[in-house]
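J.: Quick one, entry.cif (mmCIF, C-alpha atoms):
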data_input
#
loop_
_atom_site.label_atom_id
_atom_site.label_comp_id
_atom_site.auth_asym_id
_atom_site.auth_seq_id
_atom_site.Cartn_x
_atom_site.Cartn_y
_atom_site.Cartn_z
CA MET A 9 -37.36 -1.81 125.31
CA LYS A 10 -40.55 -1.62 127.37
CA SER A 11 -43.81 -0.48 125.87
CA ILE A 12 -45.16 3.00 126.51
CA LEU A 13 -48.24 1.24 127.90
CA GLU A 14 -46.41 -0.41 130.79
CA GLY A 15 -47.32 1.14 134.13
CA ARG A 16 -49.94 3.39 132.52
CA PRO A 17 -53.31 1.68 133.02
CA GLN A 18 -55.40 4.57 131.67
CA LEU A 19 -53.37 4.80 128.46
CA LYS A 20 -53.46 1.02 128.08
CA LYS A 21 -57.24 1.07 128.55
CA GLU A 22 -57.55 3.64 125.75
CA VAL A 23 -55.32 1.63 123.40
CA ASP A 24 -57.24 -1.55 124.25
CA LYS A 25 -60.42 0.30 123.25
CA ILE A 26 -58.81 1.25 119.92
CA ALA A 27 -57.82 -2.38 119.37
CA GLU A 28 -61.38 -3.49 120.16
CA VAL A 29 -62.83 -1.09 117.59
CA ALA A 30 -60.25 -2.16 115.00
CA GLY A 31 -61.50 -5.73 115.48
CA TYR A 32 -65.10 -4.65 115.00
CA LEU A 33 -64.20 -2.85 111.75
CA TRP A 34 -62.53 -5.99 110.41
CA GLN A 35 -65.29 -8.35 111.58
CA ASN A 36 -67.94 -6.18 109.91
CA GLY A 37 -66.09 -6.36 106.59
CA TRP A 38 -65.41 -2.63 106.65
CA ALA A 39 -61.60 -2.85 106.65
CA GLU A 40 -60.33 -4.91 103.73
CA ARG A 41 -56.55 -5.31 103.49
CA ASN A 42 -55.10 -2.10 105.02
CA GLY A 43 -58.28 -0.07 104.54
CA GLY A 44 -59.31 2.50 107.10
CA ASN A 45 -57.61 4.61 109.74
CA ILE A 46 -57.87 5.50 113.41
CA THR A 47 -56.24 8.50 115.10
CA VAL A 48 -56.79 9.35 118.77
CA ASN A 49 -55.57 12.29 120.82
CA ILE A 50 -53.98 10.71 123.93
CA THR A 51 -52.43 13.89 125.39
CA GLU A 52 -54.48 13.61 128.60
CA TYR A 53 -52.68 10.34 129.42
CA VAL A 54 -49.17 11.73 128.88
CA ASP A 55 -46.87 12.13 131.89
CA ASP A 56 -43.47 13.78 132.30
CA GLU A 57 -41.62 10.58 131.40
CA ILE A 58 -43.42 10.42 128.07
CA ARG A 59 -42.77 14.12 127.43
CA ASN A 60 -39.06 13.43 127.89
CA MET A 61 -38.97 10.37 125.63
CA PRO A 62 -36.51 10.80 122.76
CA ALA A 63 -37.70 10.59 119.18
CA ILE A 64 -37.27 7.24 117.43
CA SER A 65 -37.75 8.78 113.98
CA GLU A 66 -36.50 11.73 112.04
CA VAL A 67 -38.62 14.88 112.06
CA LYS A 68 -41.54 14.43 109.66
CA GLN A 69 -43.54 17.20 108.04
CA ILE A 70 -47.33 17.28 108.34
CA GLY A 71 -47.80 19.47 105.28
CA GLU A 72 -50.02 21.86 107.25
CA THR A 73 -49.43 24.27 110.12
CA LEU A 74 -51.89 23.36 112.88
CA PRO A 75 -51.52 25.89 115.70
CA HIS A 76 -53.71 24.14 118.24
CA LEU A 77 -51.73 20.88 118.13
CA LYS A 78 -48.50 22.18 119.65
CA GLY A 79 -47.20 19.57 122.10
CA GLN A 80 -50.12 17.18 121.50
CA TYR A 81 -49.73 13.39 121.36
CA PHE A 82 -51.59 11.00 119.07
CA PHE A 83 -51.99 7.27 118.66
CA CYS A 84 -52.00 6.64 114.89
CA LYS A 85 -52.64 3.49 112.89
CA GLY A 86 -49.65 2.76 110.66
CA THR A 87 -49.64 3.17 106.91
CA GLY A 88 -50.13 -0.13 105.13
CA LYS A 89 -51.15 -1.84 108.38
CA ARG A 90 -54.24 -4.02 108.62
CA MET A 91 -57.08 -3.41 111.08
CA ARG A 92 -57.14 -7.11 111.93
CA ASP A 93 -53.50 -6.86 112.98
CA LEU A 94 -54.08 -3.60 114.86
CA ALA A 95 -56.76 -5.45 116.83
CA ARG A 96 -54.30 -8.14 117.93
CA TRP A 97 -51.06 -6.21 118.20
CA PRO A 98 -51.86 -2.50 118.49
CA MET A 99 -48.38 -1.27 119.35
CA ASP A 100 -46.81 -3.19 116.45
CA ASN A 101 -49.22 -1.72 113.91
CA ALA A 102 -49.42 1.86 115.11
CA SER A 103 -47.26 4.47 116.77
CA VAL A 104 -47.42 7.36 119.21
CA ILE A 105 -46.38 10.71 117.78
CA ARG A 106 -45.54 14.09 119.32
CA ILE A 107 -46.42 17.31 117.48
CA LEU A 108 -43.45 19.67 117.62
CA ASP A 109 -43.41 23.32 118.60
CA ASP A 110 -43.57 24.55 115.01
CA CYS A 111 -47.04 22.93 114.75
CA ALA A 112 -46.05 21.70 111.29
CA SER A 113 -44.00 18.60 112.06
CA TYR A 114 -43.90 15.59 114.34
CA VAL A 115 -41.72 12.75 115.57
CA ILE A 116 -42.55 9.17 116.52
CA ILE A 117 -41.76 8.40 120.16
CA ALA A 118 -43.17 4.88 120.76
CA ASP A 119 -43.23 1.93 120.57
CA ASN A 120 -41.74 1.32 117.14
CA PRO A 121 -41.00 3.66 114.22
CA VAL A 122 -44.24 2.74 112.44
CA GLN A 123 -45.02 5.42 109.86
CA PRO A 124 -48.52 6.82 110.51
CA THR A 125 -51.25 6.62 107.89
CA SER A 126 -50.79 8.63 104.72
CA GLU A 127 -54.07 10.35 105.62
CA LEU A 128 -52.57 11.71 108.86
CA PRO A 129 -52.74 15.36 107.69
CA SER A 130 -56.52 15.02 107.16
CA HIS A 131 -56.99 13.49 110.59
CA LEU A 132 -54.81 16.09 112.31
CA LEU A 133 -56.66 18.89 110.54
CA VAL A 134 -59.86 17.66 112.18
CA HIS A 135 -58.18 17.29 115.59
CA ASP A 136 -56.81 20.83 115.34
CA ARG A 137 -60.30 22.16 114.67
CA GLN A 138 -61.80 20.21 117.59
CA ILE A 139 -59.27 21.71 120.02
CA GLU A 140 -59.99 25.16 118.60
CA LEU A 141 -63.71 24.63 119.19
CA GLY A 142 -63.22 23.06 122.62
CA SER A 143 -65.54 20.26 121.48
CA GLY A 144 -63.96 17.47 123.51
CA TYR A 145 -63.81 15.24 120.43
CA LYS A 146 -60.60 13.20 120.56
CA ALA A 147 -60.99 10.36 118.06
CA THR A 148 -61.29 10.10 114.29
CA VAL A 149 -62.19 6.91 112.43
CA HIS A 150 -62.22 6.28 108.69
CA THR A 151 -63.68 2.99 107.43
CA HIS A 152 -65.62 1.43 104.53
CA PRO A 153 -69.13 0.30 105.64
CA ILE A 154 -70.46 -1.83 102.80
CA GLU A 155 -74.12 -0.80 102.72
CA LEU A 156 -73.45 2.90 103.25
CA VAL A 157 -70.90 2.92 100.43
CA ALA A 158 -73.38 1.06 98.22
CA MET A 159 -76.04 3.71 98.85
CA SER A 160 -73.58 6.46 97.89
CA HIS A 161 -73.55 5.06 94.35
CA ASN A 162 -77.12 6.32 93.87
CA ARG A 163 -77.07 9.99 92.88
CA LYS A 164 -80.52 10.67 94.34
CA PHE A 165 -79.23 9.95 97.85
CA LEU A 166 -76.44 12.53 97.71
CA GLY A 167 -78.44 15.71 98.15
CA LYS A 168 -78.16 17.48 101.48
CA ASP A 169 -79.75 15.39 104.25
CA VAL A 170 -81.54 13.06 101.81
CA LEU A 171 -79.64 10.03 103.07
CA THR A 172 -79.88 11.29 106.66
CA ARG A 173 -83.68 11.40 106.40
CA ILE A 174 -83.83 7.86 104.99
CA LEU A 175 -81.47 6.40 107.58
CA TRP A 176 -83.11 8.15 110.52
CA SER A 177 -86.49 6.81 109.43
CA MET A 178 -85.45 3.15 109.39
CA ILE A 179 -85.21 2.63 113.16
CA PRO A 180 -85.68 5.05 116.08
CA GLU A 181 -82.23 4.42 117.58
CA THR A 182 -80.49 5.89 114.54
CA LYS A 183 -81.71 9.41 115.20
CA ALA A 184 -81.22 9.00 118.94
CA PHE A 185 -77.60 7.89 118.67
CA CYS A 186 -76.53 9.78 115.54
CA PRO A 187 -78.55 12.97 116.06
CA LEU A 188 -76.60 15.15 113.62
CA GLY A 189 -77.10 12.73 110.71
CA LEU A 190 -74.72 12.10 107.84
CA GLY A 191 -72.85 14.74 105.87
CA ILE A 192 -71.99 14.15 102.22
CA VAL A 193 -68.69 14.84 100.46
CA PRO A 194 -68.81 14.34 96.66
CA TYR A 195 -66.08 12.10 95.29
CA GLU A 196 -62.53 13.42 95.62
CA LEU A 197 -59.21 11.66 95.19
CA PRO A 198 -58.44 9.68 98.40
CA GLY A 199 -55.82 11.40 100.51
CA SER A 200 -56.14 14.70 98.60
CA ASN A 201 -56.26 18.17 100.14
CA LYS A 202 -59.65 18.71 98.47
CA LEU A 203 -61.05 15.69 100.31
CA ALA A 204 -59.57 16.89 103.60
CA ASP A 205 -60.96 20.41 103.21
CA ALA A 206 -64.42 19.20 102.19
CA THR A 207 -64.50 16.78 105.14
CA LEU A 208 -63.52 19.48 107.61
CA LYS A 209 -66.29 21.70 106.26
CA GLU A 210 -68.96 18.99 106.62
CA LEU A 211 -67.77 18.14 110.13
CA GLU A 212 -68.84 21.60 111.24
CA ASP A 213 -72.44 20.34 111.05
CA TYR A 214 -72.12 16.54 111.29
CA ASP A 215 -70.22 13.95 113.33
CA VAL A 216 -70.13 11.44 110.47
CA VAL A 217 -69.36 12.23 106.83
CA MET A 218 -69.89 10.00 103.80
CA TRP A 219 -67.15 10.08 101.18
CA GLU A 220 -69.00 9.25 97.95
CA LYS A 221 -68.08 5.77 96.61
CA HIS A 222 -65.37 5.42 99.26
CA GLY A 223 -66.32 5.25 102.94
CA VAL A 224 -67.10 7.33 105.99
CA PHE A 225 -65.12 9.57 108.32
CA ALA A 226 -66.35 10.05 111.88
CA LYS A 227 -65.30 12.09 114.88
CA GLY A 228 -66.18 11.18 118.45
CA LYS A 229 -65.51 11.82 122.12
CA ASP A 230 -63.49 8.61 121.99
CA VAL A 231 -62.95 5.85 119.45
CA MET A 232 -65.99 3.86 120.63
CA ASP A 233 -68.25 6.91 120.26
CA ALA A 234 -67.07 7.40 116.67
CA PHE A 235 -67.58 3.70 115.92
CA ASP A 236 -71.06 3.59 117.49
CA GLN A 237 -72.33 6.36 115.25
CA ILE A 238 -71.06 4.59 112.12
CA ASP A 239 -72.55 1.34 113.41
CA VAL A 240 -76.08 2.71 113.87
CA LEU A 241 -76.03 4.37 110.44
CA SER A 242 -74.83 1.11 108.90
CA LYS A 243 -77.66 -0.81 110.60
CA SER A 244 -80.20 1.55 109.06
CA ALA A 245 -78.60 1.15 105.64
CA LYS A 246 -78.87 -2.63 105.99
CA ILE A 247 -82.56 -2.38 106.90
CA TYR A 248 -83.22 -0.15 103.90
CA LEU A 249 -81.41 -2.46 101.48
CA ASP A 250 -83.02 -5.59 102.96
CA CYS A 251 -86.45 -4.05 102.33
CA LYS A 252 -85.46 -3.25 98.75
CA ALA A 253 -84.14 -6.79 98.29
CA MET A 254 -87.56 -8.11 99.42
CA GLY A 255 -89.11 -6.08 96.64
CA PHE A 256 -90.63 -3.09 98.36
CA GLU A 257 -89.76 0.48 99.26
CA PRO A 258 -89.55 0.76 103.08
CA GLU A 259 -92.16 3.05 104.56
CA GLY A 260 -89.88 4.48 107.25
CA MET A 261 -90.92 6.57 110.22
CA SER A 262 -93.05 9.58 109.33
CA ASP A 263 -91.90 13.16 109.82
CA ALA A 264 -94.33 13.44 112.73
CA GLN A 265 -92.87 10.34 114.38
CA MET A 266 -89.33 11.64 114.00
CA LYS A 267 -90.34 15.05 115.34
CA GLU A 268 -91.81 13.27 118.35
CA MET A 269 -88.48 11.40 118.77
CA SER A 270 -86.52 14.65 118.66
CA LYS A 271 -88.70 16.21 121.32
CA ALA A 272 -88.68 13.16 123.58
CA PHE A 273 -84.88 12.73 123.45
CA ASN A 274 -84.04 16.46 123.26
CA LEU A 275 -82.23 16.00 119.94
CA PRO A 276 -80.71 18.91 118.01
CA LYS A 277 -82.48 18.33 114.68
#
Would it be possible to restate this file's structure as structure tokens?
T.:
Amino acid sequence: MKSILEGRPQLKKEVDKIAEVAGYLWQNGWAERNGGNITVNITEYVDDEIRNMPAISEVKQIGETLPHLKGQYFFCKGTGKRMRDLARWPMDNASVIRILDDCASYVIIADNPVQPTSELPSHLLVHDRQIELGSGYKATVHTHPIELVAMSHNRKFLGKDVLTRILWSMIPETKAFCPLGLGIVPYELPGSNKLADATLKELEDYDVVMWEKHGVFAKGKDVMDAFDQIDVLSKSAKIYLDCKAMGFEPEGMSDAQMKEMSKAFNLPK
């Protein structure tokens, strides 16, 4: 059976981008074993042949009714699959799903019946909201950046925008390329509805959300956009922790310097 990517250069380009990001997550040490997830809305690359593809799985329930996802198509990392394998063999470690007309269920249509991540409902909840808002955000990435997770173990960093202020102040590019900062979700059981609901709430104001003692969840225009924002925040966390390891508290950019940055780059905050 031929791959859904054959003869579809734009779709293949998007999946290649997902595979590239999966490799970066693994190389950075952010995706141990099967840790992390990627879900991308690929509906814009779907043609009539794909729409007519038969299901290769039984109908599966999402657990939520998501009215804006009717007839949408998603590339989803498989449950139990490793990012390092997704990077090498994306269509063997993920699947393409179609949301059915009831907006509460889906089927797998390609390439193999790889069960999507157990956190699929959380990801789809975010995608549904982005379509409702008309935001243009089409990718969600969950991963475990070491230094950011380490900083979430310090209670003093978990107040609203405390960590954002620290990370922005470490290097000018952080505020420029992650202008909304970092939202905070207090610890909740991984995969729980409480975690999903709290994440959705924080994503109203932020593009990247820290899950206390767990990892981050980011939304982006595409998978590279989501990764880039996590990457710049992680770089700032490394700078902060390197300064601490050298025995001093980093000075950081002043409020006046960051205000100047915001004005110069026309940033929202």
J.: List as a PDB file with C-alpha atoms, in the coordinates of the input the protein and nucleic acid residues near region 159-172 of chain A, meaning an atom at most 8 Å away when all atoms listed in the file are counted, but skip any in the same chain fewer than 6 places from it.
T.:
ATOM      1  CA  GLY A 189     -77.100  12.730 110.710  1.00  0.00           C
ATOM      2  CA  LEU A 190     -74.720  12.100 107.840  1.00  0.00           C
ATOM      3  CA  GLY A 191     -72.850  14.740 105.870  1.00  0.00           C
ATOM      4  CA  ILE A 192     -71.990  14.150 102.220  1.00  0.00           C
ATOM      5  CA  PRO A 194     -68.810  14.340  96.660  1.00  0.00           C
ATOM      6  CA  MET A 218     -69.890  10.000 103.800  1.00  0.00           C
ATOM      7  CA  GLU A 220     -69.000   9.250  97.950  1.00  0.00           C
ATOM      8  CA  LYS A 221     -68.080   5.770  96.610  1.00  0.00           C
ATOM      9  CA  ALA A 245     -78.600   1.150 105.640  1.00  0.00           C
TER      10      ALA A 245
END
J.: Enumerate, as a VMD selection string, the residues matched when the PyMOL selection byres ((chain A and resi 265) around 12) is run on the file above.
T.: chain A and resid 176 to 180 183 260 to 264 266 to 272
J.: Restricting it to C-alpha atoms, dump the selection as a short mmCIF file (atom, residue, chain, number, x, y, z; two decimals), in the coordinates of the input.
T.:
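Printed below is part.cif as written:
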data_model
loop_
_atom_site.label_atom_id
_atom_site.label_comp_id
_atom_site.auth_asym_id
_atom_site.auth_seq_id
_atom_site.Cartn_x
_atom_site.Cartn_y
_atom_site.Cartn_z
CA TRP A 176 -83.11 8.15 110.52
CA SER A 177 -86.49 6.81 109.43
CA MET A 178 -85.45 3.15 109.39
CA ILE A 179 -85.21 2.63 113.16
CA PRO A 180 -85.68 5.05 116.08
CA LYS A 183 -81.71 9.41 115.20
CA GLY A 260 -89.88 4.48 107.25
CA MET A 261 -90.92 6.57 110.22
CA SER A 262 -93.05 9.58 109.33
CA ASP A 263 -91.90 13.16 109.82
CA ALA A 264 -94.33 13.44 112.73
CA MET A 266 -89.33 11.64 114.00
CA LYS A 267 -90.34 15.05 115.34
CA GLU A 268 -91.81 13.27 118.35
CA MET A 269 -88.48 11.40 118.77
CA SER A 270 -86.52 14.65 118.66
CA LYS A 271 -88.70 16.21 121.32
CA ALA A 272 -88.68 13.16 123.58
#
J.: For a quick check of understanding, using all atoms listed in the file, which of A:Met232, A:Asp100, A:Lys78, A:Ser242 has the smallest distance to Ala158 (chain A)?
T.: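 Looking only at the distances to Ala158 (chain A), the closest residue turns out to be A:Ser242.
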J.: A:Ser65, A:Asn274, A:Gln138, A:Gln80: which is nearest Leu108 (chain A), counting all atoms listed in the file?
T.: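 Closest to Leu108 (chain A), using all atoms listed in the file: A:Gln80.
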J.: Quick one: pull the distance between CA of Ala63 (chain A) and CA of Leu132 (chain A), Å, one decimal.
T.: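 Distance between the two atoms: 19.2 Å.
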J.: Ranking A:Leu211, A:Ile12, A:Ile117, A:Leu33 by minimum distance to Leu141 (chain A) and counting all atoms listed in the file, which one comes first?
T.: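 Comparing A:Leu211, A:Ile12, A:Ile117, A:Leu33 against Leu141 (chain A), the winner is A:Leu211.
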J.: Just give me the gap between CA of Tyr214 (chain A) and CA of Cys186 (chain A) in Å, one decimal is fine.
T.: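 Going from CA of Tyr214 (chain A) over to CA of Cys186 (chain A) covers 9.1 Å.
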J.: Quick one: of A:Thr47, A:Pro153, A:Glu196, A:Asp56, who's nearest to Gln35 (chain A), counting only C-alpha atoms?
T.: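 Looking at the shortest contact to Gln35 (chain A), the residue is A:Pro153.
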J.: Please list as a tab-separated table (two decimals) with C-alpha atoms, keeping the file's coordinate frame every residue within 12 Å of Gln18 (chain A), counting all atoms listed in the file and excluding residues in the same chain fewer than 6 positions away.
T.:
chain	number	residue	atom	x	y	z
A	12	ILE	CA	-45.16	3.00	126.51
A	24	ASP	CA	-57.24	-1.55	124.25
A	25	LYS	CA	-60.42	0.30	123.25
A	50	ILE	CA	-53.98	10.71	123.93
A	51	THR	CA	-52.43	13.89	125.39
A	52	GLU	CA	-54.48	13.61	128.60
A	53	TYR	CA	-52.68	10.34	129.42
A	54	VAL	CA	-49.17	11.73	128.88
A	55	ASP	CA	-46.87	12.13	131.89
J.: Going by the chain IDs and residue numbers used in this file, which residues fall under the PyMOL selection byres ((chain A and resi 239) around 10)? Write them as a count of residues only.
T.: 19
J.: Taking only C-alpha atoms into account, which of A:Lys246, A:Arg137, A:Arg16, A:Lys229 comes nearest Glu212 (chain A)?
T.: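 Smallest separation from Glu212 (chain A) among the options: A:Arg137.
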